[in-house]
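Here the structure comes first, spelled out in structure tokens, and everything after it is commentary.
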Amino acid sequence: MITLRFIFTRLHLVLALLPLLTVKKILNLLHAVACFLLRTSKTVEHPPILILTLTTNCNYSCRMCLKSARPTSDKGALLDYRNPREMNFPQLRKLLEEHADYLCFVHLHGGEPLRFTNVVQLVELLNELRIPFNIITNGSLLTEELCEKLVGGYCFSVGVSLDAASAETYRYIRRGGELSHVLSNLRRINTIKDNSRSSRPILSASICTFAANIEEVSDLVQICHDYKIPSLTVGEGFDYDTDFITPSQLAKNNKELFRSELSIAQAKARKLGIILRLRFPFLADDAEPTNGLPKQVAILPPRNCLNLYASIWLLPSLDAIGCSVSPVSWGNVGERGLNAVWNDSGGAYVRARRDLRNKKVPSACEGCVYTGGFMS
């Protein structure tokens, strides 16, 4: 959901990205925003933002991840984490080369994106094509070689999912990982940045909160300060049908605890100058407002979705999905081509734009808690 607060808390990322953009890229993005504002059925030929699930492979088995879902679960069927696969690199190379002049940035994630077989070659290609990009990673595979290629190039941001501030909780939630190893890698990338006098990539951190780790948010704020991480995103954990996630773990069933801990974290973030982003659509409500939390927006009428005009999300199979809330195929780019999936008159994207223009929630977007947000 894009709100004014969303924009404000990401200004430092925008300022890091802007010097990497050409006039053609900026105009393409502005054209997409104009299509969004005018609610047109079709949008720009070249999506300004490309989101890539490079692989569903991961070296962790986090307790709340779909990789740990119950055997009978049908959640995330299109993303089969039990039988991991990854993108075809030659196909990906061709796609990036075709749209390089218009891409404002590419968002890389997984699975664990650094488990992608050709990740080093991909980083080199993005730098060569001058395509800005960012990465969401667990941080465990940030090798010396990779950090050297990320610093000072076209990578403007590296986001690290931490989910805990203590070694014990980290081991419990993020099975297969060690917090000390990840923090050592963050120290490495900061050292390389300092030695090369580069401000890029900007580091960011995130935590997916449950009753098991909410009390560590304020300590994670301190870690961000200590490791030169200017922002921390604190998100509400949802039910991904794993044995770990029971009703007792969810924020909506622990409102007093969550509000208390978030208040402590907010105070500490203000003191240390850390940008704290809070994403709790099911925790905030009119009866018990919490400063800084978005209101529950699911009850509002659908407005519009900027994702449908500016970004396309591709899975390892090259199936396109609307967003993480809508993990169903909207068309296969490998079979039909990106432009056919993106702007075909009878395609899912065009139908979704028409539905939202007519104040209807597209069938693939049902259940999205952000359909009522400003520029949601």
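Residue numbers start at 1 in each chain; chains themselves are named A, B, ... in the order of the structure tokens; ligands are numbered from 1 in the order shown.
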
Counting only C-alpha atoms, what is within 8 Å of Ser140 of chain A, bar same-chain residues fewer than 4 positions away, as a list in words? Gly177, His181, Val182 and Asn185 of chain A

Output file for the selection above: N, CA, C and O atoms, as a CSV table (one decimal), in the first residue's frame:
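part_33.csv, freshly written:
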```
chain,number,residue,atom,x,y,z
A,177,GLY,N,20.0,-20.9,10.3
A,177,GLY,CA,20.9,-19.7,10.2
A,177,GLY,C,21.4,-19.4,11.6
A,177,GLY,O,21.0,-19.8,12.6
A,181,HIS,N,26.6,-14.8,12.1
A,181,HIS,CA,27.1,-14.9,10.7
A,181,HIS,C,26.6,-13.8,9.8
A,181,HIS,O,27.3,-13.2,9.0
A,182,VAL,N,25.3,-13.6,9.9
A,182,VAL,CA,24.6,-12.5,9.1
A,182,VAL,C,25.1,-11.2,9.5
A,182,VAL,O,25.5,-10.3,8.6
A,185,ASN,N,28.4,-10.5,8.0
A,185,ASN,CA,28.3,-10.2,6.6
A,185,ASN,C,27.9,-8.7,6.4
A,185,ASN,O,28.4,-8.0,5.4
```

If you count only C-alpha atoms, which residues fall within 12 Å of Gly331 of chain A, apart from same-chain ones fewer than 6 positions away, as an NGL selection string? :A and (312-315 or 317-322 or 337-344 or 346-350)

Write a file of the just-selected residues containing N, CA, C and O atoms, as an mmCIF file, in the first residue's frame.
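The result, written out as out01.cif:
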```
data_model
loop_
_atom_site.group_PDB
_atom_site.id
_atom_site.type_symbol
_atom_site.label_atom_id
_atom_site.label_comp_id
_atom_site.auth_asym_id
_atom_site.auth_seq_id
_atom_site.Cartn_x
_atom_site.Cartn_y
_atom_site.Cartn_z
ATOM 1 N N ILE A 312 5.558 -5.652 -12.768
ATOM 2 C CA ILE A 312 5.143 -7.009 -13.074
ATOM 3 C C ILE A 312 6.048 -7.961 -12.295
ATOM 4 O O ILE A 312 7.259 -7.769 -12.224
ATOM 5 N N TRP A 313 5.443 -8.969 -11.679
ATOM 6 C CA TRP A 313 6.143 -9.899 -10.792
ATOM 7 C C TRP A 313 6.226 -11.239 -11.496
ATOM 8 O O TRP A 313 5.200 -11.827 -11.852
ATOM 9 N N LEU A 314 7.438 -11.752 -11.667
ATOM 10 C CA LEU A 314 7.648 -13.012 -12.372
ATOM 11 C C LEU A 314 8.216 -14.076 -11.438
ATOM 12 O O LEU A 314 9.166 -13.835 -10.696
ATOM 13 N N LEU A 315 7.634 -15.263 -11.514
ATOM 14 C CA LEU A 315 8.093 -16.414 -10.751
ATOM 15 C C LEU A 315 9.150 -17.172 -11.547
ATOM 16 O O LEU A 315 9.374 -16.879 -12.727
ATOM 17 N N SER A 317 9.056 -19.897 -13.000
ATOM 18 C CA SER A 317 8.438 -20.473 -14.194
ATOM 19 C C SER A 317 8.148 -19.429 -15.257
ATOM 20 O O SER A 317 7.704 -19.767 -16.361
ATOM 21 N N LEU A 318 8.366 -18.148 -14.917
ATOM 22 C CA LEU A 318 8.028 -16.984 -15.732
ATOM 23 C C LEU A 318 6.528 -16.736 -15.784
ATOM 24 O O LEU A 318 6.034 -16.015 -16.650
ATOM 25 N N ASP A 319 5.779 -17.354 -14.844
ATOM 26 C CA ASP A 319 4.393 -16.966 -14.648
ATOM 27 C C ASP A 319 4.376 -15.610 -13.969
ATOM 28 O O ASP A 319 5.173 -15.347 -13.060
ATOM 29 N N ALA A 320 3.453 -14.745 -14.406
ATOM 30 C CA ALA A 320 3.298 -13.432 -13.788
ATOM 31 C C ALA A 320 2.212 -13.500 -12.724
ATOM 32 O O ALA A 320 1.195 -14.175 -12.903
ATOM 33 N N ILE A 321 2.441 -12.826 -11.599
ATOM 34 C CA ILE A 321 1.416 -12.705 -10.561
ATOM 35 C C ILE A 321 1.213 -11.226 -10.270
ATOM 36 O O ILE A 321 2.105 -10.404 -10.483
ATOM 37 N N GLY A 322 0.015 -10.891 -9.770
ATOM 38 C CA GLY A 322 -0.272 -9.485 -9.494
ATOM 39 C C GLY A 322 0.577 -8.936 -8.370
ATOM 40 O O GLY A 322 1.128 -7.844 -8.457
ATOM 41 N N GLY A 337 5.146 -13.972 -24.082
ATOM 42 C CA GLY A 337 5.858 -12.707 -24.183
ATOM 43 C C GLY A 337 5.339 -11.719 -23.160
ATOM 44 O O GLY A 337 4.153 -11.746 -22.786
ATOM 45 N N LEU A 338 6.220 -10.849 -22.681
ATOM 46 C CA LEU A 338 5.851 -9.934 -21.612
ATOM 47 C C LEU A 338 4.738 -8.987 -22.029
ATOM 48 O O LEU A 338 3.769 -8.789 -21.289
ATOM 49 N N ASN A 339 4.834 -8.398 -23.198
ATOM 50 C CA ASN A 339 3.849 -7.397 -23.604
ATOM 51 C C ASN A 339 2.458 -7.988 -23.759
ATOM 52 O O ASN A 339 1.447 -7.338 -23.452
ATOM 53 N N ALA A 340 2.376 -9.242 -24.240
ATOM 54 C CA ALA A 340 1.077 -9.889 -24.397
ATOM 55 C C ALA A 340 0.415 -10.119 -23.043
ATOM 56 O O ALA A 340 -0.791 -9.917 -22.872
ATOM 57 N N VAL A 341 1.188 -10.549 -22.056
ATOM 58 C CA VAL A 341 0.647 -10.768 -20.714
ATOM 59 C C VAL A 341 0.277 -9.439 -20.062
ATOM 60 O O VAL A 341 -0.768 -9.308 -19.423
ATOM 61 N N TRP A 342 1.094 -8.448 -20.264
ATOM 62 C CA TRP A 342 1.003 -7.163 -19.575
ATOM 63 C C TRP A 342 -0.133 -6.295 -20.103
ATOM 64 O O TRP A 342 -0.809 -5.606 -19.341
ATOM 65 N N ASN A 343 -0.360 -6.299 -21.417
ATOM 66 C CA ASN A 343 -1.300 -5.332 -22.003
ATOM 67 C C ASN A 343 -2.305 -5.943 -22.972
ATOM 68 O O ASN A 343 -2.985 -5.220 -23.685
ATOM 69 N N ASP A 344 -2.411 -7.289 -22.998
ATOM 70 C CA ASP A 344 -3.370 -7.918 -23.904
ATOM 71 C C ASP A 344 -4.802 -7.578 -23.479
ATOM 72 O O ASP A 344 -5.139 -7.639 -22.287
ATOM 73 N N GLY A 346 -7.585 -9.063 -23.573
ATOM 74 C CA GLY A 346 -8.339 -10.078 -22.855
ATOM 75 C C GLY A 346 -7.597 -10.673 -21.682
ATOM 76 O O GLY A 346 -8.070 -11.638 -21.061
ATOM 77 N N GLY A 347 -6.427 -10.108 -21.363
ATOM 78 C CA GLY A 347 -5.576 -10.656 -20.311
ATOM 79 C C GLY A 347 -6.000 -10.257 -18.912
ATOM 80 O O GLY A 347 -6.817 -9.353 -18.705
ATOM 81 N N ALA A 348 -5.401 -10.929 -17.925
ATOM 82 C CA ALA A 348 -5.765 -10.719 -16.523
ATOM 83 C C ALA A 348 -5.433 -9.310 -16.034
ATOM 84 O O ALA A 348 -6.178 -8.728 -15.236
ATOM 85 N N TYR A 349 -4.313 -8.742 -16.495
ATOM 86 C CA TYR A 349 -3.938 -7.399 -16.051
ATOM 87 C C TYR A 349 -4.946 -6.358 -16.520
ATOM 88 O O TYR A 349 -5.380 -5.496 -15.739
ATOM 89 N N VAL A 350 -5.324 -6.437 -17.792
ATOM 90 C CA VAL A 350 -6.284 -5.472 -18.329
ATOM 91 C C VAL A 350 -7.649 -5.642 -17.664
ATOM 92 O O VAL A 350 -8.314 -4.664 -17.317
#
```

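By only C-alpha atoms, and with residues fewer than 4 positions from segment 238-244 of chain A along its chain excluded, the set lying at most 8 Å from it is A:Arg63, A:Met64, A:Cys65, A:Leu66, A:Ser68, A:Ala69, A:Arg70, A:Ser73, A:Lys75, A:Leu250.
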
How would the residues just chosen look if you wrote them out with all heavy atoms as a JSON list (two decimals), in the first residue's frame?
```
[["chain", "number", "residue", "atom", "x", "y", "z"],
["A", 63, "ARG", "N", 10.25, -20.96, 10.23],
["A", 63, "ARG", "CA", 9.04, -21.58, 10.75],
["A", 63, "ARG", "C", 7.76, -21.01, 10.15],
["A", 63, "ARG", "O", 6.74, -21.70, 10.09],
["A", 63, "ARG", "CB", 8.99, -21.43, 12.28],
["A", 63, "ARG", "CG", 10.03, -22.27, 12.99],
["A", 63, "ARG", "CD", 9.92, -22.17, 14.49],
["A", 63, "ARG", "NE", 10.92, -23.01, 15.14],
["A", 63, "ARG", "CZ", 10.73, -24.29, 15.46],
["A", 63, "ARG", "NH1", 9.58, -24.86, 15.16],
["A", 63, "ARG", "NH2", 11.68, -24.99, 16.04],
["A", 64, "MET", "N", 7.78, -19.75, 9.69],
["A", 64, "MET", "CA", 6.55, -19.15, 9.17],
["A", 64, "MET", "C", 6.50, -19.16, 7.65],
["A", 64, "MET", "O", 5.55, -18.67, 7.06],
["A", 64, "MET", "CB", 6.40, -17.72, 9.68],
["A", 64, "MET", "CG", 7.46, -16.75, 9.21],
["A", 64, "MET", "SD", 9.04, -17.02, 10.05],
["A", 64, "MET", "CE", 9.90, -15.50, 9.66],
["A", 65, "CYS", "N", 7.51, -19.73, 7.00],
["A", 65, "CYS", "CA", 7.60, -19.70, 5.53],
["A", 65, "CYS", "C", 6.73, -20.79, 4.92],
["A", 65, "CYS", "O", 6.49, -21.85, 5.51],
["A", 65, "CYS", "CB", 9.05, -19.87, 5.11],
["A", 65, "CYS", "SG", 9.30, -19.93, 3.33],
["A", 66, "LEU", "N", 6.28, -20.55, 3.69],
["A", 66, "LEU", "CA", 5.52, -21.56, 2.97],
["A", 66, "LEU", "C", 6.32, -22.84, 2.77],
["A", 66, "LEU", "O", 5.75, -23.91, 2.55],
["A", 66, "LEU", "CB", 5.07, -21.00, 1.61],
["A", 66, "LEU", "CG", 3.94, -19.97, 1.67],
["A", 66, "LEU", "CD1", 3.77, -19.32, 0.31],
["A", 66, "LEU", "CD2", 2.64, -20.61, 2.13],
["A", 68, "SER", "N", 7.70, -24.31, 5.04],
["A", 68, "SER", "CA", 7.39, -25.11, 6.22],
["A", 68, "SER", "C", 5.90, -25.39, 6.36],
["A", 68, "SER", "O", 5.45, -25.84, 7.41],
["A", 68, "SER", "CB", 7.88, -24.38, 7.48],
["A", 68, "SER", "OG", 9.28, -24.14, 7.42],
["A", 69, "ALA", "N", 5.12, -25.10, 5.31],
["A", 69, "ALA", "CA", 3.67, -25.32, 5.38],
["A", 69, "ALA", "C", 3.34, -26.80, 5.55],
["A", 69, "ALA", "O", 4.12, -27.68, 5.17],
["A", 69, "ALA", "CB", 3.00, -24.77, 4.12],
["A", 70, "ARG", "N", 2.19, -27.05, 6.12],
["A", 70, "ARG", "CA", 1.74, -28.42, 6.33],
["A", 70, "ARG", "C", 1.62, -29.15, 4.98],
["A", 70, "ARG", "O", 1.29, -28.53, 3.96],
["A", 70, "ARG", "CB", 0.40, -28.43, 7.05],
["A", 70, "ARG", "CG", 0.46, -27.87, 8.47],
["A", 70, "ARG", "CD", -0.89, -27.96, 9.15],
["A", 70, "ARG", "NE", -0.81, -27.47, 10.53],
["A", 70, "ARG", "CZ", -1.07, -26.22, 10.87],
["A", 70, "ARG", "NH1", -1.40, -25.33, 9.96],
["A", 70, "ARG", "NH2", -0.98, -25.84, 12.14],
["A", 73, "SER", "N", -1.42, -28.37, 2.97],
["A", 73, "SER", "CA", -1.71, -26.97, 2.66],
["A", 73, "SER", "C", -1.75, -26.73, 1.17],
["A", 73, "SER", "O", -0.95, -27.27, 0.41],
["A", 73, "SER", "CB", -0.66, -26.05, 3.30],
["A", 73, "SER", "OG", -0.88, -24.71, 2.94],
["A", 75, "LYS", "N", -1.77, -23.46, 0.18],
["A", 75, "LYS", "CA", -1.29, -22.08, 0.06],
["A", 75, "LYS", "C", 0.01, -22.05, -0.73],
["A", 75, "LYS", "O", 0.89, -22.88, -0.55],
["A", 75, "LYS", "CB", -1.08, -21.46, 1.45],
["A", 75, "LYS", "CG", -2.39, -21.25, 2.21],
["A", 75, "LYS", "CD", -2.18, -20.41, 3.45],
["A", 75, "LYS", "CE", -3.52, -20.13, 4.13],
["A", 75, "LYS", "NZ", -3.38, -19.23, 5.29],
["A", 250, "LEU", "N", -0.50, -14.81, 16.67],
["A", 250, "LEU", "CA", -0.86, -13.70, 15.79],
["A", 250, "LEU", "C", -1.08, -12.40, 16.55],
["A", 250, "LEU", "O", -1.56, -12.39, 17.68],
["A", 250, "LEU", "CB", -2.11, -14.06, 14.99],
["A", 250, "LEU", "CG", -1.98, -15.29, 14.09],
["A", 250, "LEU", "CD1", -3.30, -15.58, 13.39],
["A", 250, "LEU", "CD2", -0.85, -15.13, 13.08]]
```

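Coordinates place atom CA of Leu126 of chain A at a distance of 15.6 Å from atom CA of Thr53 of chain A.
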
Fewer than 6 positions away in the same chain doesn't count, so skip those; otherwise give me all residues within 12 Å of segment 89-93 of chain A, counting only C-alpha atoms, as a PyMOL selection string. chain A and resi 50-55+99-100+106+116-126+128-129+314-318+333-335+337-338

Spatial neighbours of Val33 of chain A, max dist 9 Å, only C-alpha atoms, sep filter under 6 positions, as a ChimeraX atom specification: /A:43,306,309-310

Those in segment 151-211 of chain A with strand (DSSP E or B) from DSSP, as a list in words: Cys155, Phe156, Ser157, Val158, Gly159, Val160, Ser161, Ile202, Leu203, Ser204, Ala205, Ser206, Ile207, Cys208 and Thr209 of chain A

Keeping only N, CA and C atoms, write those residues as a PDB file, in the first residue's frame.
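What follows is the written file out.pdb:
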```
ATOM      1  N   CYS A 155      23.352  -1.552  -7.666  1.00  0.00           N
ATOM      2  CA  CYS A 155      22.553  -2.021  -6.538  1.00  0.00           C
ATOM      3  C   CYS A 155      22.390  -0.853  -5.571  1.00  0.00           C
ATOM      4  N   PHE A 156      21.171  -0.371  -5.423  1.00  0.00           N
ATOM      5  CA  PHE A 156      20.959   0.792  -4.559  1.00  0.00           C
ATOM      6  C   PHE A 156      20.478   0.408  -3.164  1.00  0.00           C
ATOM      7  N   SER A 157      20.063  -0.860  -2.978  1.00  0.00           N
ATOM      8  CA  SER A 157      19.567  -1.254  -1.669  1.00  0.00           C
ATOM      9  C   SER A 157      19.687  -2.759  -1.472  1.00  0.00           C
ATOM     10  N   VAL A 158      20.068  -3.157  -0.257  1.00  0.00           N
ATOM     11  CA  VAL A 158      20.057  -4.565   0.160  1.00  0.00           C
ATOM     12  C   VAL A 158      19.226  -4.649   1.433  1.00  0.00           C
ATOM     13  N   GLY A 159      18.120  -5.362   1.340  1.00  0.00           N
ATOM     14  CA  GLY A 159      17.252  -5.554   2.495  1.00  0.00           C
ATOM     15  C   GLY A 159      17.509  -6.915   3.118  1.00  0.00           C
ATOM     16  N   VAL A 160      17.681  -6.942   4.423  1.00  0.00           N
ATOM     17  CA  VAL A 160      17.990  -8.191   5.117  1.00  0.00           C
ATOM     18  C   VAL A 160      16.859  -8.542   6.076  1.00  0.00           C
ATOM     19  N   SER A 161      16.305  -9.733   5.907  1.00  0.00           N
ATOM     20  CA  SER A 161      15.257 -10.225   6.800  1.00  0.00           C
ATOM     21  C   SER A 161      15.918 -10.839   8.030  1.00  0.00           C
ATOM     22  N   ILE A 202      22.341   0.954   0.086  1.00  0.00           N
ATOM     23  CA  ILE A 202      21.811   1.271   1.416  1.00  0.00           C
ATOM     24  C   ILE A 202      21.258  -0.011   2.027  1.00  0.00           C
ATOM     25  N   LEU A 203      21.574  -0.238   3.277  1.00  0.00           N
ATOM     26  CA  LEU A 203      21.072  -1.424   3.967  1.00  0.00           C
ATOM     27  C   LEU A 203      19.731  -1.126   4.634  1.00  0.00           C
ATOM     28  N   SER A 204      18.884  -2.133   4.672  1.00  0.00           N
ATOM     29  CA  SER A 204      17.638  -2.041   5.425  1.00  0.00           C
ATOM     30  C   SER A 204      17.390  -3.389   6.078  1.00  0.00           C
ATOM     31  N   ALA A 205      16.550  -3.401   7.098  1.00  0.00           N
ATOM     32  CA  ALA A 205      16.259  -4.648   7.817  1.00  0.00           C
ATOM     33  C   ALA A 205      14.756  -4.788   7.977  1.00  0.00           C
ATOM     34  N   SER A 206      14.333  -6.025   8.242  1.00  0.00           N
ATOM     35  CA  SER A 206      12.910  -6.272   8.458  1.00  0.00           C
ATOM     36  C   SER A 206      12.728  -7.386   9.474  1.00  0.00           C
ATOM     37  N   ILE A 207      11.567  -7.373  10.102  1.00  0.00           N
ATOM     38  CA  ILE A 207      11.199  -8.431  11.039  1.00  0.00           C
ATOM     39  C   ILE A 207       9.723  -8.746  10.850  1.00  0.00           C
ATOM     40  N   CYS A 208       9.416 -10.010  10.706  1.00  0.00           N
ATOM     41  CA  CYS A 208       8.041 -10.499  10.608  1.00  0.00           C
ATOM     42  C   CYS A 208       7.638 -10.932  12.017  1.00  0.00           C
ATOM     43  N   THR A 209       6.683 -10.232  12.603  1.00  0.00           N
ATOM     44  CA  THR A 209       6.460 -10.382  14.040  1.00  0.00           C
ATOM     45  C   THR A 209       5.320 -11.326  14.407  1.00  0.00           C
TER      46      THR A 209
END
```

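With only C-alpha atoms as the atoms that count, the residue of A:Glu215, A:Ser184, A:Ala34, A:Ser61 with the shortest distance to Tyr172 of chain A is A:Ser61.
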